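Have a look at coords31.txt; it's compact mmCIF, C-alpha atoms:
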# COMPACT_ATOMS: atom_id res chain seq x y z
CA MET I 1 111.10 64.47 106.19
CA ILE I 2 107.82 66.35 106.58
CA ASN I 3 105.92 66.66 103.31
CA LEU I 4 103.36 69.48 103.38
CA LYS I 5 100.95 69.30 100.46
CA LYS I 6 97.72 70.88 101.77
CA ILE I 7 97.35 73.91 104.01
CA VAL I 8 93.95 74.97 105.36
CA VAL I 9 93.80 78.66 106.25
CA ALA I 10 90.81 80.16 108.05
CA VAL I 11 89.89 83.77 107.23
CA ASP I 12 87.08 85.99 108.43
CA GLY I 13 88.19 89.26 106.89
CA SER I 14 89.89 90.48 110.07
CA GLU I 15 93.40 91.89 109.95
CA ILE I 16 94.83 88.96 111.90
CA SER I 17 93.17 86.36 109.66
CA LEU I 18 94.55 88.10 106.58
CA ALA I 19 97.98 88.02 108.22
CA ALA I 20 97.44 84.25 108.69
CA PHE I 21 96.70 83.99 104.97
CA ASP I 22 99.95 85.86 104.19
CA TRP I 23 101.89 83.32 106.27
CA ALA I 24 100.12 80.41 104.57
CA LEU I 25 100.76 81.87 101.12
CA GLU I 26 104.45 82.42 101.82
CA LEU I 27 104.85 78.91 103.16
CA ALA I 28 102.86 77.35 100.28
CA ALA I 29 104.93 79.23 97.71
CA LEU I 30 108.17 78.02 99.30
CA ILE I 31 107.18 74.35 99.40
CA SER I 32 104.75 74.12 96.45
CA ALA I 33 101.76 73.30 98.64
CA GLU I 34 98.06 73.83 97.91
CA ILE I 35 96.02 76.27 100.00
CA ILE I 36 92.39 75.75 100.95
CA VAL I 37 90.97 79.07 102.18
CA LEU I 38 87.99 78.66 104.47
CA THR I 39 85.49 81.15 105.82
CA ILE I 40 82.54 80.23 108.00
CA SER I 41 79.12 81.75 108.46
CA ASP I 42 78.87 81.32 112.20
CA ARG I 43 75.65 79.51 113.10
CA ARG I 44 75.53 81.41 116.39
CA THR I 45 74.75 84.60 114.45
CA ILE I 46 71.86 83.18 112.40
CA ASN I 47 68.43 82.24 113.75
CA GLN I 48 67.95 78.49 113.41
CA GLU I 49 64.42 79.03 112.06
CA ASP I 50 65.91 80.94 109.13
CA ILE I 51 67.96 78.04 107.82
CA TYR I 52 66.00 74.82 108.25
CA PRO I 53 64.56 73.75 104.88
CA ALA I 54 60.98 73.85 106.17
CA PHE I 55 61.46 77.49 107.17
CA LEU I 56 63.96 78.54 104.48
CA SER I 57 62.37 81.50 102.75
CA ASP I 58 63.30 82.75 99.30
CA ARG I 59 64.66 85.85 101.02
CA LYS I 60 66.99 83.79 103.24
CA VAL I 61 68.24 81.73 100.28
CA LYS I 62 68.97 84.98 98.46
CA GLU I 63 70.83 86.37 101.51
CA LEU I 64 73.01 83.25 101.79
CA ILE I 65 73.82 83.34 98.07
CA GLU I 66 74.65 87.06 98.29
CA GLU I 67 76.92 86.40 101.29
CA TYR I 68 78.90 83.82 99.31
CA ASN I 69 79.07 86.06 96.23
CA GLU I 70 80.23 88.98 98.39
CA LYS I 71 83.06 86.88 99.83
CA ASP I 72 83.92 85.47 96.41
CA LYS I 73 84.17 88.98 94.92
CA GLY I 74 85.71 90.58 98.00
CA VAL I 75 88.18 88.80 100.26
CA PHE I 76 88.41 85.69 98.09
CA LYS I 77 89.06 87.64 94.88
CA ASP I 78 92.14 89.28 96.39
CA ILE I 79 93.27 85.95 97.86
CA LYS I 80 92.87 84.18 94.53
CA THR I 81 94.80 86.95 92.76
CA GLN I 82 97.69 86.78 95.26
CA CYS I 83 97.88 82.98 94.94
CA GLN I 84 97.81 83.17 91.15
CA GLN I 85 100.65 85.71 91.17
CA ARG I 86 102.74 83.37 93.34
CA GLY I 87 101.84 80.23 91.38
CA VAL I 88 100.07 78.62 94.34
CA LYS I 89 97.04 76.38 93.76
CA VAL I 90 94.10 77.67 95.82
CA SER I 91 90.52 76.66 96.47
CA THR I 92 87.98 78.60 98.53
CA VAL I 93 85.23 77.24 100.75
CA VAL I 94 82.35 78.95 102.55
CA LEU I 95 80.72 76.83 105.26
CA TYR I 96 77.97 77.32 107.78
CA GLY I 97 78.30 76.13 111.37
CA LEU I 98 80.41 76.48 114.49
CA PRO I 99 83.76 77.81 113.23
CA SER I 100 86.03 75.51 115.26
CA GLN I 101 84.09 72.40 114.23
CA GLU I 102 84.06 73.42 110.57
CA ILE I 103 87.82 74.13 110.51
CA ILE I 104 88.61 70.80 112.18
CA GLN I 105 86.19 68.86 109.95
CA LEU I 106 87.51 70.42 106.73
CA ALA I 107 91.13 69.77 107.73
CA SER I 108 90.22 66.16 108.46
CA ASP I 109 88.16 65.67 105.27
CA GLU I 110 90.89 67.18 103.11
CA ALA I 111 93.72 65.33 104.91
CA ALA I 112 95.38 68.70 105.48
CA ASP I 113 98.96 68.76 106.64
CA LEU I 114 98.69 72.14 108.41
CA ILE I 115 96.05 74.61 109.62
CA VAL I 116 96.94 78.31 109.65
CA MET I 117 94.70 80.77 111.48
CA GLY I 118 94.68 83.88 113.61
CA ALA I 119 94.57 83.66 117.39
CA HIS I 120 91.48 85.91 117.28
CA GLY I 121 88.81 86.63 114.73
CA LYS I 122 87.05 89.86 113.95
CA ARG I 123 84.44 89.22 116.65
CA GLU I 124 86.95 88.40 119.38
CA GLU I 125 88.38 90.70 121.98
CA PHE I 126 91.94 90.41 123.23
CA TYR I 127 91.01 89.42 126.79
CA HIS I 128 92.86 86.12 126.45
CA GLU I 129 95.82 84.87 124.45
CA PHE I 130 93.53 82.86 122.17
CA SER I 131 89.86 83.04 121.23
CA SER I 132 87.54 80.17 122.13
CA THR I 133 87.55 79.12 118.47
CA SER I 134 91.33 78.99 118.22
CA GLU I 135 91.59 77.10 121.52
CA ARG I 136 89.14 74.46 120.31
CA VAL I 137 91.06 74.08 117.04
CA LEU I 138 94.37 73.79 118.91
CA LYS I 139 92.96 71.05 121.16
CA LYS I 140 91.21 68.97 118.50
CA ALA I 141 93.00 69.59 115.21
CA PRO I 142 93.93 66.51 113.16
CA CYS I 143 97.23 68.14 112.11
CA PRO I 144 99.68 70.81 113.34
CA VAL I 145 98.36 74.37 113.69
CA LEU I 146 100.25 77.57 112.90
CA MET I 147 98.57 80.20 115.07
CA ILE I 148 99.23 83.86 114.21
CA VAL I 149 99.09 86.17 117.22
CA PRO I 150 99.50 89.96 117.46
CA ARG I 151 102.94 91.20 118.34
CA ARG I 152 103.00 92.85 121.70
CA LYS I 153 105.26 95.58 122.99
CA PRO I 154 107.85 94.40 125.48
CA PRO I 155 107.52 95.44 129.13
CA LYS I 156 108.78 98.98 129.79
CA GLN I 157 111.48 97.84 132.23
CA GLY I 158 113.29 95.99 129.42
CA LYS I 159 115.19 97.87 126.77
CA LYS I 160 114.31 95.47 123.96
CA THR I 161 112.74 96.98 120.89
CA PRO I 162 109.54 95.49 119.53
CA GLU I 163 109.81 93.14 116.57
CA LYS I 164 108.89 94.59 113.20
CA GLY I 165 105.37 93.96 111.95
CA PRO I 166 102.16 93.54 113.91
CA TYR I 167 102.09 89.70 114.11
CA ARG I 168 104.26 86.79 115.12
CA PRO I 169 103.61 83.09 114.53
CA ILE I 170 103.09 80.33 117.05
CA LEU I 171 103.39 76.74 115.83
CA TYR I 172 101.43 74.26 117.88
CA SER I 173 102.04 70.69 116.78
CA THR I 174 99.35 68.13 117.54

Translate the structure of the given file into structure tokens.
Amino acid sequence: MINLKKIVVAVDGSEISLAAFDWALELAALISAEIIVLTISDRRTINQEDIYPAFLSDRKVKELIEEYNEKDKGVFKDIKTQCQQRGVKVSTVVLYGLPSQEIIQLASDEAADLIVMGAHGKREEFYHEFSSTSERVLKKAPCPVLMIVPRRKPPKQGKKTPEKGPYRPILYST
């Protein structure tokens, strides 16, 4: 029998990542699992000179602290409230780096049993089925990945009606 105790869920504030959190919360509530909610400050969007200790200005330290506080009072506050209402143990983590590497590393460090994330983040376009970040996580994850993708309308030649809700899950077991 599979025993899920820890679920890592990656959020970036986008609609699809919040849908991934909803899936993780529902699953965690059903099986009494713990959720670790992760958000990453993407290193590709910050100048390297701004973060190395030798160049780390007081202004940059203040910006990084404000970014964490903003997430803790914004997205994380709502997430913590929802988990508390459902009786799910939750912890939140803000990391800096390449998102795929940070998700994989955290899941490995925490011995996570499942990663839940959106197929795209807020910076991604829907040119491909998955973003480069989600593809890297799918390929290198230390545990199964539940990937949430947008629901798409069926082709016009078919008479099937679209499924309710904007997202559908994909489970990719590693």

For Ala24 of chain I: contacts at 8 Å, all atoms listed in the file, fewer than 6 positions along chain excluded, given as an MDAnalysis selection string:
chainID I and resid 7 9 35 116

Pick out the residues sitting within 8 Å of segment 84-100 of chain I, and hand them over as a PyMOL selection string; count only C-alpha atoms, and ignore anything fewer than 4 positions along from it in its own chain.
chain I and resi 25+28-29+32-44+68+76+80+104+133-134+136-137

Keeping C-alpha atoms, export the residues of the selection given above as an mmCIF file, keeping the file's coordinate frame.
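Written output follows (out_27.cif):
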data_model
loop_
_atom_site.group_PDB
_atom_site.id
_atom_site.type_symbol
_atom_site.label_atom_id
_atom_site.label_comp_id
_atom_site.auth_asym_id
_atom_site.auth_seq_id
_atom_site.Cartn_x
_atom_site.Cartn_y
_atom_site.Cartn_z
ATOM 1 C CA LEU I 25 100.760 81.870 101.120
ATOM 2 C CA ALA I 28 102.860 77.350 100.280
ATOM 3 C CA ALA I 29 104.930 79.230 97.710
ATOM 4 C CA SER I 32 104.750 74.120 96.450
ATOM 5 C CA ALA I 33 101.760 73.300 98.640
ATOM 6 C CA GLU I 34 98.060 73.830 97.910
ATOM 7 C CA ILE I 35 96.020 76.270 100.000
ATOM 8 C CA ILE I 36 92.390 75.750 100.950
ATOM 9 C CA VAL I 37 90.970 79.070 102.180
ATOM 10 C CA LEU I 38 87.990 78.660 104.470
ATOM 11 C CA THR I 39 85.490 81.150 105.820
ATOM 12 C CA ILE I 40 82.540 80.230 108.000
ATOM 13 C CA SER I 41 79.120 81.750 108.460
ATOM 14 C CA ASP I 42 78.870 81.320 112.200
ATOM 15 C CA ARG I 43 75.650 79.510 113.100
ATOM 16 C CA ARG I 44 75.530 81.410 116.390
ATOM 17 C CA TYR I 68 78.900 83.820 99.310
ATOM 18 C CA PHE I 76 88.410 85.690 98.090
ATOM 19 C CA LYS I 80 92.870 84.180 94.530
ATOM 20 C CA ILE I 104 88.610 70.800 112.180
ATOM 21 C CA THR I 133 87.550 79.120 118.470
ATOM 22 C CA SER I 134 91.330 78.990 118.220
ATOM 23 C CA ARG I 136 89.140 74.460 120.310
ATOM 24 C CA VAL I 137 91.060 74.080 117.040
#

Just the number, please: distance in Å from atom CA of Ala107 of chain I to atom CA of Ala141 of chain I, one decimal.
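Distance between the two atoms: 7.7 Å.
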
May I ask for the distance between atom CA of Asp78 of chain I and atom CA of Ile2 of chain I, given in Å to one decimal place?
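Taking atom CA of Asp78 of chain I and atom CA of Ile2 of chain I, their separation equals 29.6 Å.
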
Between atom CA of Gln101 of chain I and atom CA of Leu138 of chain I, measure the distance and give it in Å to one decimal.
11.4 Å

Counting only C-alpha atoms, the option among I:Ser132, I:Lys5, I:Ile16, I:Asp22 closest to Ala111 of chain I:
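Distance minimum relative to Ala111 of chain I lands on I:Lys5.
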
Centre and edge lengths, as AutoDock Vina command-line options, for the axis-aligned box enclosing every listed atom of segment 25-36 of chain I with 3 Å of padding on each of the six sides, in Å to one decimal?
--center_x 100.3 --center_y 77.9 --center_z 99.8 --size_x 21.8 --size_y 15.1 --size_z 12.7

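Closest to Ile148 of chain I among I:Ser17, I:Leu106, I:Cys83, I:Glu135 is I:Ser17, based on all atoms listed in the file.
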
Option closest in space to Glu110 of chain I, from I:Glu15, I:Asn3, I:Pro142, I:Gln82 [counting all atoms listed in the file]:
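Once distances to Glu110 of chain I are computed over all atoms listed in the file, the minimum belongs to I:Pro142.
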